[in-house]
Protein chains: 2
Amino acid sequence: MSHHAFSEQERAAVYRAIAERRDMRHFRPDPVDPEVLQRLLLAAHQAPSVGLMQPWRFIRITQPALRKSIKGLVEQERQATAIALGERGSEFMKLKVEGLDRCSEVLVVALMDCREPHVFGRRTLPQMDLASASCAIQNLWLAARAEGLGMGWVSLFEPRELARLLNMPDDAEPVAILCLGHVDQFYDQPMLAEQGWKQPQSLEELLWQDSWAEYPERGQSDAD
Amino acid sequence: MSHHAFSEQERAAVYRAIAERRDMRHFRPDPVDPEVLQRLLLAAHQAPSVGLMQPWRFIRITQPALRKSIKGLVEQERQATAIALGERGSEFMKLKVEGLDRCSEVLVVALMDCREPHVFGRRTLPQMDLASASCAIQNLWLAARAEGLGMGWVSLFEPRELARLLNMPDDAEPVAILCLGHVDQFYDQPMLAEQGWKQPQSLEELLWQDSWAEYPERGQSDAD
């Protein structure tokens with residue numbers, strides 16, 4: 001045991017947040033306390049970032065008309081995704097894939113503009129900016145769970161259209177529409193598992209030693 | 001306050017892990033308890049993933065010769081990055097950018113092969129696979145901090161060369177070399193801030209309402 005380890009109770013709390021966090025789609029419209037929202041955003045902002053570039057930008061959506069436009073973009077992409085899914089398209093259309101109608105808060109997360117000169121840790125892997133922003137979003141997600149709030153990460157949108165709607169510069173890039181708010185209950189399992197869309201694989205199937213290995217059996221894909 | 005909220009002590013523990021997690025480069029070689037490693041990997045595996053695709057693959061590096069080859073790849077990219085950084089190249093070369101020499105555990109995280117059919121939440125944003133894998137890595141990072149262990153995410157490598165070294169299929173993609181282990185102490189601030197590479201920006205500078213906005217002042221870039 002490291003002497004830097006948290007207490008047993010603290011460790012359990014961290015593992016609990018990790019285990020009970022869910023990608024939520026069902027919300028109650030009660031408002032989120034502004035102080036809680038501020039804590040969550042600060043948690044996000046404490047994420048690691050490649051070369052300390054802090055590439056995340058947060059836009060809080062407050063205008064109802066703007067939320068409606070965002071919802072329109074998501075609905076458009078929902079239809080396009082259903083078509084792309086082929087045989088599973090009608091099954092997909094029955095799923096609730098966003099919570100924009102009821103959640104209290106909507107946040108758009110984007111990658112900043114002018115990222116090109118940042119080559120520290122990105123010369124061969126420029127996509128590490130998204131990796132950093134994703135760590136920030138995961139921080140927010142876990143902190144929200146600890147606060148008893150649900151969050152959903154919606155990625156059903158055409159990024160150039162969302163960028164235009166929010167007046168982003170050409171080289172900025174929206175990567176998430178976050179729905180945040182109170183929930184009646186957290187799903188026991190990931191919603192897509194509960195609803196039978198897909199069964200999760202176990203860690204053992206995805207963990208190897210010293211070399212890539214093959215799976216005993218292939219996981220089910222969207223196209224199955 | 002939501003009735004789903006954790007207790008005050010539990011919430012404080014989650015925020016503590018978020019605040020005290022550091023991207024570590026300095027390690028002690030003492031071994032990591034295999035049970036702790038297993039807990040950390042399970043924490044990673046509990047991450048959200050787009051369309052429940054669980055795109056992360058973990059390869060634990062145990063052969064010393066293989067670790068040495070990986071270290072060689074990183075050193076090669078370190079030199080290339082220094083050249084790309086121009087004027088700041090010599091300053092960069094003085095930084096410790098990886099901990100492969102001393103850390104107890106090395107894990108390579110890769111995006112799985114055969115990702116193309118997974119269009120759920122990825123039709124317009126295929127990079128959401130990396131976003132999911134990054135959430136998994138952030139889970140691992142936070143759980144490691146709670147266990148008193150340090151972790152560093154090294155992205156200084158040529159992905160095709162690392163993929164070849166680990167016998168990955170052409171359509172798999174390594175995104176992280178994780179160094180994990182005991183540390184003498186955690187940095188008080190991000191190492192790159194402590195060492196004067198860059199000063200972090202505040203949340204206020206990166207948080208807007210309903211529209212992209214301009215910064216009061218530009219943050220320092222690598223190329224400054």
# chains A, B, ... in the order shown; residues from 1 in each chain; ligands from 1

$ interface_residues --of "chain B" --to "chain A" --cutoff "6 Å" --atoms "only C-alpha atoms" --output "count of residues only"
37

$ select_by_dssp --residues "segment 8-216 of chain B" --states "strand (DSSP E or B)" --output "number ranges by chain"
B: 23, 28, 56-61, 105-111, 150-154, 173-182, 207-209

$ atom_distance --atom1 "atom CA of Pro31 of chain A" --atom2 "atom CA of Leu180 of chain A"
9.8 Å

$ residues_around --residues "Asp101 of chain A" --least-positions-apart "4" --cutoff "12 Å" --atoms "only C-alpha atoms" --output "list in words"
Arg25, His26, Phe27, Arg28, Pro29, Pro64, Arg67, Lys68, Ser69, Ile70, Lys71, Gly72, Val74, Glu75, Lys96, Val97, Glu105, Val106, Cys179, Leu180 and Gly181 of chain A

$ write_last_selection --atoms "C-alpha atoms" --output "mmCIF file, in the first residue's frame"
data_model
loop_
_atom_site.group_PDB
_atom_site.id
_atom_site.type_symbol
_atom_site.label_atom_id
_atom_site.label_comp_id
_atom_site.auth_asym_id
_atom_site.auth_seq_id
_atom_site.Cartn_x
_atom_site.Cartn_y
_atom_site.Cartn_z
ATOM 1 C CA ARG A 25 -30.748 10.102 -21.440
ATOM 2 C CA HIS A 26 -33.670 10.520 -19.014
ATOM 3 C CA PHE A 27 -33.851 13.683 -16.932
ATOM 4 C CA ARG A 28 -36.070 15.698 -14.649
ATOM 5 C CA PRO A 29 -36.252 19.399 -15.496
ATOM 6 C CA PRO A 64 -34.409 28.181 -25.467
ATOM 7 C CA ARG A 67 -31.391 24.655 -27.556
ATOM 8 C CA LYS A 68 -34.208 23.997 -30.004
ATOM 9 C CA SER A 69 -31.862 24.501 -32.949
ATOM 10 C CA ILE A 70 -29.336 22.128 -31.385
ATOM 11 C CA LYS A 71 -32.068 19.574 -30.858
ATOM 12 C CA GLY A 72 -32.962 19.945 -34.530
ATOM 13 C CA VAL A 74 -29.391 16.042 -33.347
ATOM 14 C CA GLU A 75 -32.709 14.856 -34.750
ATOM 15 C CA LYS A 96 -33.721 7.340 -26.524
ATOM 16 C CA VAL A 97 -30.414 8.759 -27.723
ATOM 17 C CA GLU A 105 -28.344 22.266 -18.475
ATOM 18 C CA VAL A 106 -26.869 21.908 -21.941
ATOM 19 C CA CYS A 179 -26.992 17.080 -21.169
ATOM 20 C CA LEU A 180 -26.833 17.570 -17.416
ATOM 21 C CA GLY A 181 -29.482 17.468 -14.765
#
